[in-house]
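The file protein-v5.tsv comes next; it holds TSV, C-alpha atoms and all ligand atoms.
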```tsv
chain	number	residue	atom	x	y	z
A	1	MET	CA	67.77	135.29	46.89
A	2	LYS	CA	68.16	133.50	43.56
A	3	LYS	CA	71.95	133.04	43.55
A	4	ILE	CA	74.58	132.10	46.12
A	5	LYS	CA	76.35	135.40	45.37
A	6	ASP	CA	73.20	137.19	46.65
A	7	LEU	CA	74.41	136.21	50.14
A	8	GLN	CA	76.68	139.26	49.84
A	9	THR	CA	73.63	141.54	49.64
A	10	LEU	CA	72.54	140.34	53.09
A	11	ILE	CA	75.71	141.57	54.75
A	12	ASP	CA	75.23	144.52	57.02
A	13	SER	CA	78.27	146.73	56.45
A	14	ASN	CA	77.65	148.48	59.79
A	15	VAL	CA	78.37	145.28	61.66
A	16	LEU	CA	81.96	145.01	62.83
A	17	PRO	CA	84.03	142.16	61.35
A	18	LYS	CA	83.21	138.92	63.09
A	19	ARG	CA	86.11	137.06	64.68
A	20	LEU	CA	86.46	133.73	62.90
A	21	ALA	CA	88.56	130.95	64.51
A	22	LEU	CA	89.98	128.65	61.81
A	23	ALA	CA	90.68	125.27	63.43
A	24	VAL	CA	93.89	123.70	62.06
A	25	SER	CA	94.71	126.59	59.80
A	26	GLN	CA	97.33	124.93	57.58
A	27	ASP	CA	94.91	124.37	54.69
A	28	ALA	CA	95.25	126.10	51.30
A	29	HIS	CA	91.57	126.41	50.25
A	30	SER	CA	90.50	127.52	53.73
A	31	LEU	CA	93.26	130.13	53.92
A	32	GLU	CA	92.34	131.52	50.49
A	33	ALA	CA	88.68	131.82	51.49
A	34	VAL	CA	89.49	133.32	54.89
A	35	ASN	CA	91.89	135.80	53.28
A	36	LYS	CA	89.25	136.92	50.77
A	37	ALA	CA	86.73	137.50	53.58
A	38	PHE	CA	89.43	139.25	55.67
A	39	LEU	CA	90.42	141.63	52.85
A	40	ALA	CA	86.71	142.36	52.22
A	41	GLY	CA	86.42	143.43	55.89
A	42	LEU	CA	83.88	140.70	56.67
A	43	ILE	CA	85.89	138.87	59.32
A	44	ASP	CA	88.84	139.15	61.67
A	45	PRO	CA	90.65	135.81	61.39
A	46	VAL	CA	92.18	133.92	64.29
A	47	LEU	CA	94.36	131.25	62.68
A	48	VAL	CA	94.81	128.33	65.07
A	49	GLY	CA	97.30	125.71	63.92
A	50	SER	CA	100.92	125.27	62.97
A	51	LYS	CA	102.08	128.85	62.42
A	52	VAL	CA	105.09	127.75	60.35
A	53	GLU	CA	102.98	125.66	57.98
A	54	THR	CA	100.21	128.26	57.81
A	55	LEU	CA	102.64	131.05	56.91
A	56	LYS	CA	104.37	128.80	54.35
A	57	ILE	CA	101.06	128.14	52.56
A	58	ALA	CA	100.09	131.82	52.81
A	59	GLN	CA	103.43	132.84	51.28
A	60	GLU	CA	103.13	130.29	48.45
A	61	LEU	CA	99.64	131.62	47.64
A	62	ASN	CA	100.67	135.25	48.10
A	63	LEU	CA	98.08	135.84	50.84
A	64	ASP	CA	98.59	138.82	53.13
A	65	PHE	CA	97.54	138.06	56.69
A	66	SER	CA	99.12	141.08	58.36
A	67	GLY	CA	96.78	142.18	61.13
A	68	ALA	CA	95.40	138.66	61.62
A	69	THR	CA	95.86	136.79	64.90
A	70	PHE	CA	97.92	133.56	64.95
A	71	ILE	CA	97.76	130.96	67.69
A	72	ASP	CA	100.55	128.43	67.25
A	73	GLU	CA	99.34	124.86	68.01
A	74	ILE	CA	101.30	122.22	66.14
A	75	TYR	CA	99.08	119.29	67.20
A	76	PRO	CA	95.75	119.25	65.27
A	77	SER	CA	93.72	117.90	68.21
A	78	LYS	CA	95.02	120.71	70.45
A	79	ALA	CA	94.40	123.28	67.70
A	80	VAL	CA	90.75	122.17	67.39
A	81	GLU	CA	90.27	122.31	71.15
A	82	THR	CA	91.79	125.79	71.34
A	83	ALA	CA	89.68	127.08	68.44
A	84	VAL	CA	86.45	125.68	69.93
A	85	LYS	CA	87.32	127.11	73.36
A	86	LEU	CA	87.87	130.56	71.81
A	87	VAL	CA	84.25	130.51	70.58
A	88	ASN	CA	82.99	129.01	73.84
A	89	GLU	CA	84.71	131.82	75.78
A	90	LYS	CA	83.40	134.45	73.31
A	91	LYS	CA	86.95	135.36	72.28
A	92	ALA	CA	85.89	134.44	68.73
A	93	ASP	CA	82.42	134.69	67.19
A	94	PHE	CA	82.37	131.59	65.02
A	95	LEU	CA	84.34	128.51	64.06
A	96	MET	CA	85.57	127.14	60.73
A	97	LYS	CA	86.90	123.67	59.96
A	98	GLY	CA	90.40	123.67	58.48
A	99	ASN	CA	92.71	120.75	57.85
A	100	ILE	CA	90.97	118.23	60.13
A	101	PRO	CA	88.51	115.37	59.54
A	102	THR	CA	84.85	116.31	60.09
A	103	PRO	CA	84.18	113.82	62.94
A	104	ALA	CA	87.18	115.17	64.92
A	105	LEU	CA	85.86	118.72	64.68
A	106	LEU	CA	82.29	117.71	65.53
A	107	LYS	CA	83.38	115.69	68.57
A	108	ALA	CA	85.18	118.77	69.88
A	109	VAL	CA	82.11	120.94	69.20
A	110	LEU	CA	79.99	118.44	71.19
A	111	ASN	CA	82.42	118.38	74.15
A	112	LYS	CA	80.32	118.67	77.31
A	113	GLU	CA	82.73	120.99	79.19
A	114	TRP	CA	84.10	123.38	76.58
A	115	GLY	CA	82.11	122.68	73.39
A	116	LEU	CA	79.43	124.72	71.65
A	117	ARG	CA	76.27	122.83	72.65
A	118	THR	CA	73.06	124.74	73.34
A	119	GLY	CA	70.76	121.86	74.28
A	120	ASN	CA	69.41	121.78	70.70
A	121	LEU	CA	70.22	119.18	68.08
A	122	LEU	CA	73.13	120.20	65.85
A	123	SER	CA	72.72	119.59	62.13
A	124	HIS	CA	74.36	120.33	58.81
A	125	PHE	CA	72.69	122.68	56.31
A	126	ALA	CA	73.77	123.09	52.69
A	127	LEU	CA	72.44	125.70	50.26
A	128	PHE	CA	72.79	124.97	46.53
A	129	GLU	CA	72.56	126.96	43.35
A	130	THR	CA	72.22	124.86	40.23
A	131	GLU	CA	71.33	125.87	36.66
A	132	ASN	CA	68.79	123.07	36.58
A	133	TYR	CA	66.49	124.48	39.29
A	134	HIS	CA	64.54	127.73	39.35
A	135	LYS	CA	65.71	128.88	42.81
A	136	LEU	CA	68.18	128.11	45.56
A	137	ILE	CA	67.57	124.78	47.27
A	138	ALA	CA	68.69	123.69	50.73
A	139	VAL	CA	69.53	120.10	51.69
A	140	THR	CA	69.89	118.65	55.19
A	141	ASP	CA	71.46	116.67	56.86
A	142	VAL	CA	74.30	115.47	54.66
A	143	ALA	CA	77.22	115.55	57.10
A	144	MET	CA	76.40	115.28	60.81
A	145	ASN	CA	73.40	113.18	61.88
A	146	ILE	CA	74.07	109.67	60.60
A	147	ALA	CA	70.66	108.00	60.91
A	148	PRO	CA	68.22	110.57	62.28
A	149	ASN	CA	65.04	109.30	63.95
A	150	LEU	CA	61.72	111.16	63.88
A	151	LYS	CA	62.68	113.41	66.80
A	152	ASP	CA	66.03	114.23	65.19
A	153	LYS	CA	64.28	115.05	61.90
A	154	ILE	CA	62.03	117.55	63.72
A	155	GLY	CA	65.19	119.20	65.13
A	156	ILE	CA	66.82	119.17	61.68
A	157	ILE	CA	63.75	120.83	60.10
A	158	ASN	CA	63.48	123.45	62.86
A	159	ASN	CA	67.20	124.36	62.57
A	160	ALA	CA	66.92	124.74	58.79
A	161	VAL	CA	63.63	126.67	58.78
A	162	THR	CA	64.80	129.14	61.46
A	163	PHE	CA	68.00	129.76	59.50
A	164	MET	CA	66.14	130.16	56.19
A	165	TYR	CA	64.12	133.00	57.71
A	166	LYS	CA	67.44	134.74	58.44
A	167	LEU	CA	68.23	134.34	54.74
A	168	GLY	CA	64.89	135.89	53.77
A	169	ILE	CA	63.36	132.56	52.68
A	170	TYR	CA	59.97	132.67	54.41
A	171	LEU	CA	57.52	129.78	54.79
A	172	PRO	CA	59.88	127.38	52.99
A	173	LYS	CA	58.39	124.41	51.18
A	174	VAL	CA	59.89	121.33	52.79
A	175	ALA	CA	60.04	117.98	50.96
A	176	ILE	CA	60.68	114.87	53.05
A	177	ILE	CA	62.64	112.66	50.70
A	178	ALA	CA	62.16	108.91	50.40
A	179	ALA	CA	62.47	106.37	47.60
A	180	ILE	CA	58.76	106.59	46.76
A	181	GLU	CA	55.88	109.02	47.19
A	182	THR	CA	53.54	106.64	49.02
A	183	VAL	CA	53.80	105.14	52.50
A	184	ASN	CA	55.41	101.71	52.58
A	185	GLU	CA	55.33	100.20	56.07
A	186	ASN	CA	58.71	98.56	55.42
A	187	MET	CA	60.41	101.85	54.57
A	188	GLN	CA	61.01	103.92	57.72
A	189	ALA	CA	61.74	107.07	55.69
A	190	THR	CA	58.19	107.00	54.27
A	191	LEU	CA	56.64	106.48	57.72
A	192	ASP	CA	58.66	109.39	59.17
A	193	ALA	CA	57.69	111.55	56.19
A	194	ALA	CA	53.99	110.90	56.69
A	195	MET	CA	54.26	111.74	60.40
A	196	LEU	CA	56.22	114.94	59.75
A	197	SER	CA	53.62	116.03	57.17
A	198	ILE	CA	50.71	115.49	59.56
A	199	MET	CA	52.61	117.18	62.41
A	200	ASN	CA	52.99	120.21	60.14
A	201	LYS	CA	49.29	120.19	59.21
A	202	ARG	CA	48.31	119.96	62.91
A	203	GLY	CA	50.56	122.87	63.90
A	204	GLN	CA	53.24	120.80	65.67
A	205	ILE	CA	55.98	121.91	63.24
A	206	ASN	CA	55.51	125.50	62.15
A	207	ASP	CA	56.71	128.27	59.83
A	208	CYS	CA	57.00	125.97	56.83
A	209	VAL	CA	54.90	123.79	54.53
A	210	ILE	CA	55.87	120.12	54.72
A	211	ASP	CA	54.96	117.34	52.34
A	212	GLY	CA	56.19	113.79	52.06
A	213	PRO	CA	57.06	111.19	51.33
A	214	LEU	CA	58.29	112.53	48.00
A	215	ALA	CA	60.86	110.90	45.76
A	216	PHE	CA	63.69	113.28	44.79
A	217	ASP	CA	62.33	113.87	41.27
A	218	ASN	CA	58.80	114.62	42.57
A	219	ALA	CA	60.24	117.19	44.98
A	220	ILE	CA	62.12	119.19	42.34
A	221	SER	CA	60.20	118.64	39.09
A	222	VAL	CA	56.60	119.73	38.37
A	223	GLU	CA	56.67	117.48	35.31
A	224	SER	CA	57.62	114.42	37.36
A	225	ALA	CA	55.03	115.25	40.06
A	226	SER	CA	52.21	115.67	37.52
A	227	HIS	CA	53.29	112.46	35.76
A	228	LYS	CA	52.72	110.69	39.10
A	229	LYS	CA	49.48	112.70	39.61
A	230	ILE	CA	50.79	114.13	42.90
A	231	LYS	CA	48.80	117.13	44.10
A	232	SER	CA	51.09	119.06	46.43
A	233	GLU	CA	52.12	122.64	47.10
A	234	VAL	CA	55.67	121.39	47.70
A	235	ALA	CA	56.19	118.98	44.79
A	236	GLY	CA	58.25	120.55	42.02
A	237	ASP	CA	58.86	123.70	44.06
A	238	ALA	CA	60.72	122.58	47.21
A	239	ASP	CA	62.98	125.04	49.06
A	240	LEU	CA	64.33	122.44	51.47
A	241	LEU	CA	64.98	118.70	51.11
A	242	ILE	CA	65.08	116.55	54.26
A	243	MET	CA	67.21	113.51	53.47
A	244	PRO	CA	66.50	110.14	55.12
A	245	ASN	CA	70.09	109.53	56.23
A	246	ILE	CA	73.66	110.74	55.86
A	247	GLU	CA	74.49	108.40	52.97
A	248	ALA	CA	71.62	109.57	50.76
A	249	GLY	CA	72.31	113.19	51.73
A	250	ASN	CA	76.03	112.99	51.12
A	251	VAL	CA	75.63	111.29	47.75
A	252	LEU	CA	73.17	114.00	46.68
A	253	TYR	CA	75.57	116.75	47.86
A	254	LYS	CA	78.49	115.25	45.95
A	255	SER	CA	76.33	114.55	42.86
A	256	LEU	CA	75.14	118.15	42.74
A	257	VAL	CA	78.69	119.48	43.12
A	258	TRP	CA	80.54	117.03	40.86
A	259	PHE	CA	77.95	116.14	38.19
A	260	ALA	CA	75.67	119.20	38.14
A	261	LYS	CA	78.51	121.67	38.91
A	262	ALA	CA	76.27	123.29	41.54
A	263	LYS	CA	77.55	126.07	43.79
A	264	VAL	CA	77.16	125.30	47.48
A	265	ALA	CA	77.59	126.95	50.85
A	266	SER	CA	77.23	124.99	54.07
A	267	VAL	CA	77.22	125.35	57.84
A	268	ILE	CA	76.43	123.45	61.04
A	269	LEU	CA	73.37	124.87	62.83
A	270	GLY	CA	72.12	124.45	66.39
A	271	ALA	CA	75.41	125.28	68.13
A	272	SER	CA	76.01	128.57	69.97
A	273	SER	CA	76.92	130.08	66.57
A	274	PRO	CA	77.02	128.67	63.01
A	275	ILE	CA	80.09	126.61	62.15
A	276	VAL	CA	81.64	126.76	58.69
A	277	LEU	CA	81.93	123.12	57.73
A	278	THR	CA	82.73	122.08	54.17
A	279	SER	CA	84.46	119.05	52.71
A	280	ARG	CA	88.21	119.29	52.50
A	281	SER	CA	87.88	118.78	48.73
A	282	ASP	CA	85.46	121.73	48.37
A	283	SER	CA	86.70	124.77	46.45
A	284	GLU	CA	87.91	128.08	47.86
A	285	GLU	CA	84.74	129.66	46.41
A	286	CYS	CA	82.55	127.21	48.35
A	287	LYS	CA	84.47	127.93	51.55
A	288	PHE	CA	84.14	131.70	51.04
A	289	ASP	CA	80.40	131.41	50.37
A	290	SER	CA	80.09	129.26	53.49
A	291	ILE	CA	81.77	131.99	55.54
A	292	LEU	CA	79.22	134.46	54.13
A	293	LEU	CA	76.42	132.05	55.03
A	294	ALA	CA	77.72	131.67	58.59
A	295	THR	CA	77.82	135.42	59.13
A	296	ARG	CA	74.00	135.31	58.92
A	297	GLY	CA	73.87	133.40	62.19
B	1	LIG	N1	73.35	117.29	68.19
B	1	LIG	C1	73.48	117.45	69.54
B	1	LIG	N2	74.11	116.55	70.32
B	1	LIG	C2	74.61	115.46	69.73
B	1	LIG	C3	74.52	115.22	68.35
B	1	LIG	C4	73.84	116.20	67.57
B	1	LIG	N3	73.70	116.09	66.26
B	1	LIG	N4	75.15	114.05	68.05
B	1	LIG	C5	75.59	113.56	69.23
B	1	LIG	N5	75.28	114.40	70.22
B	1	LIG	C6	75.58	114.27	71.66
B	1	LIG	C7	74.94	113.03	72.26
B	1	LIG	O1	73.69	113.34	72.78
B	1	LIG	C8	75.93	112.65	73.34
B	1	LIG	O2	75.73	113.44	74.48
B	1	LIG	C9	77.27	113.06	72.75
B	1	LIG	O3	76.99	114.06	71.77
B	1	LIG	C10	78.02	111.92	72.10
B	1	LIG	O4	77.10	111.24	71.27
B	1	LIG	P1	77.52	110.03	70.34
B	1	LIG	O5	78.37	109.07	71.12
B	1	LIG	O6	76.29	109.52	69.67
B	1	LIG	O7	78.34	110.78	69.23
B	1	LIG	P2	79.85	110.69	68.81
B	1	LIG	O8	80.66	111.65	69.61
B	1	LIG	O9	80.33	109.28	68.74
B	1	LIG	O10	79.69	111.21	67.31
B	1	LIG	C11	79.13	112.43	67.01
B	1	LIG	C12	79.48	112.68	65.55
B	1	LIG	C13	78.85	113.98	65.11
B	1	LIG	C14	81.00	112.78	65.42
B	1	LIG	C15	78.95	111.48	64.69
B	1	LIG	O11	77.57	111.52	64.68
B	1	LIG	C16	79.51	111.44	63.29
B	1	LIG	O12	80.58	110.88	63.07
B	1	LIG	N6	78.77	112.01	62.29
B	1	LIG	C17	79.17	111.96	60.92
B	1	LIG	C18	80.32	112.91	60.65
B	1	LIG	C19	80.97	112.62	59.32
B	1	LIG	O13	81.72	111.68	59.17
B	1	LIG	N7	80.67	113.44	58.34
B	1	LIG	C20	81.32	113.29	57.09
B	1	LIG	C21	80.49	113.65	55.96
B	1	LIG	S1	81.42	114.70	54.93
```
Could you write out this file's structure as structure tokens?
Ligand code: COD
Amino acid sequence: MKKIKDLQTLIDSNVLPKRLALAVSQDAHSLEAVNKAFLAGLIDPVLVGSKVETLKIAQELNLDFSGATFIDEIYPSKAVETAVKLVNEKKADFLMKGNIPTPALLKAVLNKEWGLRTGNLLSHFALFETENYHKLIAVTDVAMNIAPNLKDKIGIINNAVTFMYKLGIYLPKVAIIAAIETVNENMQATLDAAMLSIMNKRGQINDCVIDGPLAFDNAISVESASHKKIKSEVAGDADLLIMPNIEAGNVLYKSLVWFAKAKVASVILGASSPIVLTSRSDSEECKFDSILLATRG
């Protein structure tokens, strides 16, 4: 896969449409994306939210939802709970965030009685296409784990690598991002990076090639890596960037989208099925591509 649109080539047309529960459905960009996937026969939508508001937006945007299922829940917290429970009870196959803040959705997903936990760490995974890089590049975690420790980072890497195999990206090159490419005992990100690299070399983290610490430019530019005299299979050719914390990850995500005009698709991994989770400000195209990405789960 070289382009985000190549996600469409991975779709198995023999597979029946997957039932997607949109939590708090009164959201224009989400409804446009869901409608596009619905009309393409990729999903069967279950729209959980205020039916009046959802239909009003659909009418304004000229979206035909005949044949879709509506569950009328006027209170957003109740709508999220209902949507999550539908997936928990296997009445829907996967979940999508609508008009609700990310933490509210994630708290519902983590609910011990009716959430979508599996015992694994849950983490956010974003796949980018930018003109300034020679292939797709994944970034994690930019939206769920706030300050991951070493154990969390192992879970984040394993979630991403397993999912990349489903996308046909085998033995991904994983760059552990820090501010510098050498170990500084005062910078935890560099210490974690060194440990993750050695764990990979000793066979404790598998199915990928890890190197770090690497500064962002060393990870994505051969020129920058050779300037710093870094000898690494990963430097300049990374498939996956592991960010030190949510702030660095989120700033990179927004910089790629707003400055570099990158295309992006993103999901939460590690739950009982992938969750379509994008920013509320993300475009309809991004939300559609994220639905495509989630159908790989
Ligand atoms: N995977 C699995 N279990 C988890 C995870 C995880 N990533 N995070 C927490 N849990 C479990 C804990 O083990 C515990 O059992 C329970 O959930 C509650 O844990 P807390 O108290 O640490 O977590 P919460 O409920 O206060 O917060 C969880 C959030 C995911 C909501 C929180 O980490 C958060 O706000 N993340 C950032 C979300 C955000 O604002 N993103 C915006 C960027 S666009």
Given all atoms listed in the file as the basis, pick out the residue of A:Ile43, A:Lys231, A:Arg202, A:Glu131 nearest to Phe259 (chain A). A:Glu131
Which of these residues is nearest to ligand LIG 1 (chain B), using all atoms listed in the file: A:Asn218, A:Thr82, A:Thr54, A:Asn245?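 Looking only at the distances to ligand LIG 1 (chain B), the closest residue turns out to be A:Asn245.
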List as a tab-separated table every residue of chain A that is in contact with ligand LIG 1 (chain B), defined as an atom at most 8 Å from one of its atoms (using only C-alpha atoms and all ligand atoms), together with the nearest atom pair and the distance in Å rounded to one decimal, sorted by chain and then rising number.
```
residue	atom	partner	partner_atom	distance
A:Pro101	CA	B:LIG1	O13	7.7
A:Thr102	CA	B:LIG1	N7	5.4
A:Pro103	CA	B:LIG1	C14	4.2
A:Ala104	CA	B:LIG1	C14	6.6
A:Leu105	CA	B:LIG1	C14	7.7
A:Leu106	CA	B:LIG1	C13	5.1
A:Lys107	CA	B:LIG1	C14	4.9
A:Leu110	CA	B:LIG1	O3	5.3
A:Asn111	CA	B:LIG1	O3	7.3
A:Lys112	CA	B:LIG1	O2	7.5
A:Arg117	CA	B:LIG1	C1	6.8
A:Gly119	CA	B:LIG1	C1	7.0
A:Asn120	CA	B:LIG1	C1	6.1
A:Leu121	CA	B:LIG1	N1	3.7
A:Leu122	CA	B:LIG1	N1	3.7
A:Ser123	CA	B:LIG1	N3	5.5
A:Val142	CA	B:LIG1	C21	6.6
A:Ala143	CA	B:LIG1	C21	3.9
A:Met144	CA	B:LIG1	N6	4.3
A:Asn145	CA	B:LIG1	N3	5.3
A:Ile146	CA	B:LIG1	N6	5.5
A:Asp152	CA	B:LIG1	N3	8.0
A:Ile246	CA	B:LIG1	C21	7.4
A:Asn250	CA	B:LIG1	C21	6.6
A:Gly270	CA	B:LIG1	N1	7.5
A:Thr278	CA	B:LIG1	S1	7.5
A:Ser279	CA	B:LIG1	S1	5.8
```
From the set A:Asn149, A:Thr295, A:Gln59, A:Asn158, which residue has the shortest atom-to-atom contact distance to Leu240 (chain A), counting only C-alpha atoms?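 Comparing A:Asn149, A:Thr295, A:Gln59, A:Asn158 against Leu240 (chain A), the winner is A:Asn158.
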Using only C-alpha atoms, which residue out of A:Asn186, A:Glu181, A:Lys201, A:Ser273 lies closest to Ala219 (chain A)? A:Glu181
When you look at Ala23 (chain A) with a cut-off of 7 Å (counting only C-alpha atoms), what residues show up, excluding the ones that are within fewer than 6 positions of it in the same chain? I need them as a VMD selection string. chain A and resid 48 to 49 79 to 80 83 96 to 98
For CA of Asn35 (chain A) and CA of Thr130 (chain A), quote the distance in Å rounded to one decimal.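 Interatomic distance here is 26.0 Å.
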Between A:Asp141, A:Asp207, A:Asp282, A:Asp217, smallest distance to Met243 (chain A) by all atoms listed in the file belongs to A:Asp141
CA of Lys90 (chain A) to CA of Pro45 (chain A): how many Å, to one decimal? 14.0 Å
